[in-house]
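Structure first, commentary second.
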Amino acid sequence: MYYKKYGKTGIKVSAIGMGCMRFEEKDILNKKYDNCIELILYAHEKGINYFDTAPFYCHDQSESIVGKALSQVPRNSFYITSKTNLATLKHDPTESGFRKRLEMSLSRLKVDYIDFYYLWCMLDEKMLKENCDILIPLFEKVKKEGLIRHFVLSSHMEGDTLSEIIDSNIFDGILLGYNPLNYKYRKQGIEAAYKAGLGVSIMNPLGGGLIPRNPKYFSNFSEKSENVAQGVLRSLASHEEISLVLNGFSTKEHVDDAVKAVEELREKPMQEVQKQYEKLSSIKNKLCTGCGYCNYCPKGIDIPKYMDAYNEKILGSSIIGRLRKHWRISARDAGKCIKCRKCENLCTQHLPITERLEEIANIIK
């Protein structure tokens with residue numbers, strides 16, 4: 001495993017971190033947690049030392065699964081995260097409410113302290129300011145008590161809006177969605193964080209599975225015997241500005257792909273790596289990257305699944321085929337949209353979701 005410096009913290013993290021939110025759904029629903037625990041321990045054995053979890057992941061089981069797994073290995077052999085924001089506190093922003101959430105995470109994770117505690121999922125400047133004003137004093141208090149070691153920011157804001165908070169010296173690191181499809185939206189934030197000495201982690205590196213499912217569009221990333229997933233992970237980890245690539249695993253094969261991707265890694269400046277990304281066609285700015293933050297429809301439409309299916313149209317395949325064969329949902333249900341545009345306000349890419357849902361619903365008319 002290749003290890004990289006995490007900002008100014010003095011910590012070295014594995015170039016690939018494990019996102020503990022993509023365990024097999026059937027294992028979670030059937031409470032076969034031993035399979036998930038085995039996967040975490042396998043990743044740890046392969047040299048991965050950074051494990052990312054949060055409340056509510058995997059039907060609110062992820063923290064407990066991670067705790068059961070990592071309690072079997074030495075505490076100094078891994079770094080562990082969890083997350084909070086005003087929403088996870090159920091709008092109880094008191095110190096009591098904050099501590100209750102933190103203590104629940106500590107108990108589930110079976111640790112005395114959390115290495116990286118995230119201010120989670122900041123979508124815009126207003127949300128960031130509100131959360132910082134209320135929660136940062138509480139973060140600082142529990143850090144002094146030794147309950148957390150570093151606090152970091154998880155953001156879906158575009159890069160040019162992050163400069164002020166990056167320069168505030170509040171956070172030790174930042175987590176951003178970044179991959180060859182959306183890099184233009186994030187590169188300024190990554191550059192600013194790196195320049196300020198923050199650790200930089202990236203999530204959603206494979207576009208929610210979109211990239212490996214469509215290898216013909218991304219074949220230029222692969223070298224020698226690499227598959228597309230390995231090639232893209234390697235290119236992302238090679239950024240000298242990026243400390244860690246956070247990748248979700250469902251199988252041991254996924255772990256093996258990631259570990260192989262960073263063997264003999266050569267770090268390069270971002271501008272050099274992004275020359276490869278520029279070779280992609282114009283589809284890159286139209287594809288949904290599968291972050292899932294749009295999934296709060298008042299009519300119950302499972303928007304991420306419909307946007308995933310719309311990607312198939314952009315890539316020259318069948319929307320209906322994807323809906324029926326993969327997701328097993330009807331195009332007709334997209335017509336339930338009331339055009340409130342809540343999903344578009346939450347979309348980190350500013351996609352025309354309402355128009356796409358209408359188009360999908362009209363396919364069968």
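Numbering starts fresh at 1 for the residues of each chain in the structure tokens, the chains themselves are lettered A, B, ... in the order given, and ligands are numbered from 1 as they appear.
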
Residues near A:Arg101, cut-off 9 Å, only C-alpha atoms, skip fewer than 4 positions along chain, as a short mmCIF file (atom, residue, chain, number, x, y, z; two decimals) with N, CA and C atoms, in the first residue's frame:
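Writing done, so here's result-v9.cif:
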data_model
loop_
_atom_site.label_atom_id
_atom_site.label_comp_id
_atom_site.auth_asym_id
_atom_site.auth_seq_id
_atom_site.Cartn_x
_atom_site.Cartn_y
_atom_site.Cartn_z
N PRO A 55 -23.41 8.12 10.80
CA PRO A 55 -24.76 7.72 11.16
C PRO A 55 -25.62 7.56 9.89
N THR A 84 -21.30 14.54 11.59
CA THR A 84 -22.51 15.12 12.15
C THR A 84 -22.80 16.45 11.47
N THR A 88 -28.43 15.74 11.49
CA THR A 88 -28.26 14.48 12.21
C THR A 88 -28.59 14.64 13.69
N LEU A 89 -28.54 15.86 14.18
CA LEU A 89 -28.90 16.12 15.58
C LEU A 89 -30.40 16.29 15.76
N SER A 96 -26.01 19.19 24.74
CA SER A 96 -26.50 17.87 25.12
C SER A 96 -26.83 17.03 23.90
N GLY A 97 -27.50 17.64 22.92
CA GLY A 97 -27.84 16.92 21.70
C GLY A 97 -26.62 16.52 20.90
N SER A 105 -21.87 7.50 18.47
CA SER A 105 -20.88 7.08 17.49
C SER A 105 -19.69 6.41 18.16
N LEU A 106 -19.20 6.99 19.24
CA LEU A 106 -18.07 6.40 19.96
C LEU A 106 -18.41 5.00 20.47
#

DSSP-assigned strand (DSSP E) among stretch 74-191 of chain A, expressed as a ChimeraX atom specification:
/A:79-84,114-122,148-155,173-177

Generate a file of the selected residues that holds C-alpha atoms, formatted as a short mmCIF file (atom, residue, chain, number, x, y, z; two decimals), in the first residue's frame.
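The new file out-v3.cif reads:
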data_model
loop_
_atom_site.label_atom_id
_atom_site.label_comp_id
_atom_site.auth_asym_id
_atom_site.auth_seq_id
_atom_site.Cartn_x
_atom_site.Cartn_y
_atom_site.Cartn_z
CA TYR A 79 -7.88 5.94 11.49
CA ILE A 80 -11.63 6.15 11.82
CA THR A 81 -14.17 8.84 10.94
CA SER A 82 -17.73 9.73 11.68
CA LYS A 83 -19.89 12.73 10.89
CA THR A 84 -22.51 15.12 12.15
CA ILE A 114 -12.60 9.55 16.63
CA ASP A 115 -9.63 10.49 14.48
CA PHE A 116 -11.52 12.61 11.93
CA TYR A 117 -14.91 14.05 12.83
CA TYR A 118 -16.73 15.63 9.92
CA LEU A 119 -19.00 18.61 9.66
CA TRP A 120 -21.08 16.69 7.18
CA CYS A 121 -22.55 17.42 3.76
CA MET A 122 -22.41 21.18 3.40
CA ILE A 148 -11.98 13.79 18.60
CA ARG A 149 -8.53 14.41 17.18
CA HIS A 150 -9.22 16.41 14.01
CA PHE A 151 -12.30 18.04 12.60
CA VAL A 152 -12.83 18.19 8.90
CA LEU A 153 -15.34 19.47 6.39
CA SER A 154 -17.42 17.41 3.98
CA SER A 155 -18.62 19.67 1.18
CA GLY A 173 -8.96 18.66 6.17
CA ILE A 174 -11.71 18.62 3.58
CA LEU A 175 -13.69 15.94 1.74
CA LEU A 176 -14.97 16.68 -1.76
CA GLY A 177 -16.63 14.69 -4.53
#

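Residues within 12 Å of A:Glu130, counting only C-alpha atoms and excluding same-chain residues fewer than 4 positions away, are Asn85, Leu86, Ala87, His91, Pro93, Leu119, Met122, Leu123, Asp124, Glu125, Lys126, Ile134, Leu135 and Ile136 of chain A.
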
Leaving out A:Cys36 and any residue of its chain fewer than 2 positions from it, which residues lie within 10 Å of it when counting only C-alpha atoms, given as number ranges by chain?
A: 20, 22-24, 27-28, 31-34, 38-42, 62, 65-66, 68-69, 249-251

So which residues touch A:Leu109 within 6 Å, counting only C-alpha atoms, skipping near sequence neighbours fewer than 2 positions away, as a ChimeraX atom specification?
/A:63-64,67,105-107,111

Quick one: everything within 9 Å of stretch 306-319 of chain A, counting only C-alpha atoms, minus sequence neighbours fewer than 6 positions away in the same chain. Send it as a list in words.
Leu210, Asn214, Tyr217, Ile283, Lys286, Leu287, Cys288, Thr289, Gly290, Trp327, Ile329, Ala331, Ala334, Ile353, Arg356, Leu357 and Ile360 of chain A

Between atom CA of A:Ser238 and atom CA of A:Glu267, what is the spacing in Å?
4.3 Å

Please provide as a ChimeraX atom specification all residues within 9 Å of A:Thr161, with the sequence filter that same-chain residues fewer than 2 positions apart are discarded (counting only C-alpha atoms).
/A:124-125,157-159,163-165,188-189

From a DSSP pass on the backbone, collect the residues of stretch 89-331 of chain A flagged as alpha helix (DSSP H) and hand them back as a VMD selection string.
chain A and resid 95 to 109 125 to 144 163 to 166 183 to 195 210 to 213 228 to 237 252 to 261 270 to 277 303 to 314 319 to 321

Export of prior selection with C-alpha atoms as a CSV table (one decimal), in the first residue's frame:
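What landed in part-v7.csv:
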chain,number,residue,atom,x,y,z
A,95,GLU,CA,-24.5,20.7,23.7
A,96,SER,CA,-26.5,17.9,25.1
A,97,GLY,CA,-27.8,16.9,21.7
A,98,PHE,CA,-24.4,17.2,20.1
A,99,ARG,CA,-22.8,15.0,22.8
A,100,LYS,CA,-25.5,12.4,22.6
A,101,ARG,CA,-24.8,11.9,18.9
A,102,LEU,CA,-21.1,11.8,19.4
A,103,GLU,CA,-21.3,9.4,22.3
A,104,MET,CA,-23.5,7.1,20.2
A,105,SER,CA,-20.9,7.1,17.5
A,106,LEU,CA,-18.1,6.4,20.0
A,107,SER,CA,-20.0,3.5,21.5
A,108,ARG,CA,-20.9,2.0,18.2
A,109,LEU,CA,-17.3,2.3,16.9
A,125,GLU,CA,-22.7,28.9,2.0
A,126,LYS,CA,-25.8,29.5,4.0
A,127,MET,CA,-25.9,26.0,5.4
A,128,LEU,CA,-22.1,26.1,6.1
A,129,LYS,CA,-22.4,29.3,8.0
A,130,GLU,CA,-25.3,28.1,10.1
A,131,ASN,CA,-23.7,24.8,11.0
A,132,CYS,CA,-20.3,26.4,11.7
A,133,ASP,CA,-21.8,29.1,14.0
A,134,ILE,CA,-23.5,26.5,16.1
A,135,LEU,CA,-21.4,23.4,16.0
A,136,ILE,CA,-17.7,24.5,15.7
A,137,PRO,CA,-17.6,25.7,19.3
A,138,LEU,CA,-18.9,22.3,20.3
A,139,PHE,CA,-16.3,20.5,18.1
A,140,GLU,CA,-13.6,22.6,19.8
A,141,LYS,CA,-14.8,21.7,23.2
A,142,VAL,CA,-14.8,17.9,22.7
A,143,LYS,CA,-11.5,18.1,20.9
A,144,LYS,CA,-9.9,19.6,24.0
A,163,SER,CA,-11.9,29.7,-0.2
A,164,GLU,CA,-13.1,31.7,2.8
A,165,ILE,CA,-13.7,28.6,5.0
A,166,ILE,CA,-10.5,27.0,3.9
A,183,TYR,CA,-13.3,17.7,-11.8
A,184,LYS,CA,-14.0,21.2,-13.2
A,185,TYR,CA,-16.4,21.9,-10.3
A,186,ARG,CA,-14.0,20.8,-7.6
A,187,LYS,CA,-10.5,21.6,-8.7
A,188,GLN,CA,-10.4,25.1,-7.2
A,189,GLY,CA,-11.4,23.8,-3.8
A,190,ILE,CA,-8.8,21.1,-3.9
A,191,GLU,CA,-6.0,23.5,-5.0
A,192,ALA,CA,-7.0,26.0,-2.3
A,193,ALA,CA,-7.1,23.4,0.5
A,194,TYR,CA,-3.8,21.9,-0.6
A,195,LYS,CA,-2.2,25.4,-0.6
A,210,LEU,CA,-20.9,4.8,-13.8
A,211,ILE,CA,-17.3,4.8,-14.9
A,212,PRO,CA,-16.6,1.0,-14.6
A,213,ARG,CA,-20.0,0.2,-16.2
A,228,VAL,CA,-10.9,0.9,-16.0
A,229,ALA,CA,-11.6,1.1,-12.3
A,230,GLN,CA,-8.0,0.6,-11.4
A,231,GLY,CA,-6.8,3.1,-14.0
A,232,VAL,CA,-9.2,5.9,-12.7
A,233,LEU,CA,-8.3,5.2,-9.1
A,234,ARG,CA,-4.6,5.4,-9.9
A,235,SER,CA,-5.0,8.7,-11.8
A,236,LEU,CA,-6.9,10.2,-8.8
A,237,ALA,CA,-4.5,9.0,-6.2
A,252,LYS,CA,-12.9,-8.4,-1.9
A,253,GLU,CA,-12.3,-8.0,-5.6
A,254,HIS,CA,-13.1,-4.3,-5.3
A,255,VAL,CA,-10.5,-4.0,-2.5
A,256,ASP,CA,-8.0,-5.9,-4.7
A,257,ASP,CA,-8.6,-3.5,-7.6
A,258,ALA,CA,-8.0,-0.4,-5.4
A,259,VAL,CA,-4.9,-1.8,-3.8
A,260,LYS,CA,-3.4,-2.8,-7.2
A,261,ALA,CA,-4.3,0.7,-8.5
A,270,MET,CA,-3.1,18.3,-10.7
A,271,GLN,CA,-2.7,20.2,-13.9
A,272,GLU,CA,-0.7,17.4,-15.4
A,273,VAL,CA,-3.2,14.7,-14.4
A,274,GLN,CA,-6.2,16.7,-15.7
A,275,LYS,CA,-4.8,16.8,-19.2
A,276,GLN,CA,-6.0,13.2,-19.4
A,277,TYR,CA,-9.5,14.3,-18.2
A,303,ILE,CA,-34.6,10.3,-8.2
A,304,PRO,CA,-31.0,8.9,-8.2
A,305,LYS,CA,-32.3,5.7,-10.0
A,306,TYR,CA,-34.0,7.8,-12.7
A,307,MET,CA,-30.9,10.0,-13.2
A,308,ASP,CA,-28.8,6.8,-13.4
A,309,ALA,CA,-31.1,5.6,-16.1
A,310,TYR,CA,-30.9,8.9,-17.9
A,311,ASN,CA,-27.1,8.5,-18.0
A,312,GLU,CA,-27.8,5.5,-20.3
A,313,LYS,CA,-29.4,7.8,-22.9
A,314,ILE,CA,-26.4,10.1,-22.8
A,319,ILE,CA,-33.3,4.4,-20.4
A,320,ILE,CA,-36.2,1.9,-20.2
A,321,GLY,CA,-33.8,-1.1,-20.3

Name the closest residue to A:Phe78 among the candidates A:Ser14, A:Asn169, A:Asn35, A:Thr53; distances are taken between atoms, counting only C-alpha atoms.
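Of the candidates, the smallest distance to A:Phe78 is held by A:Ser14.
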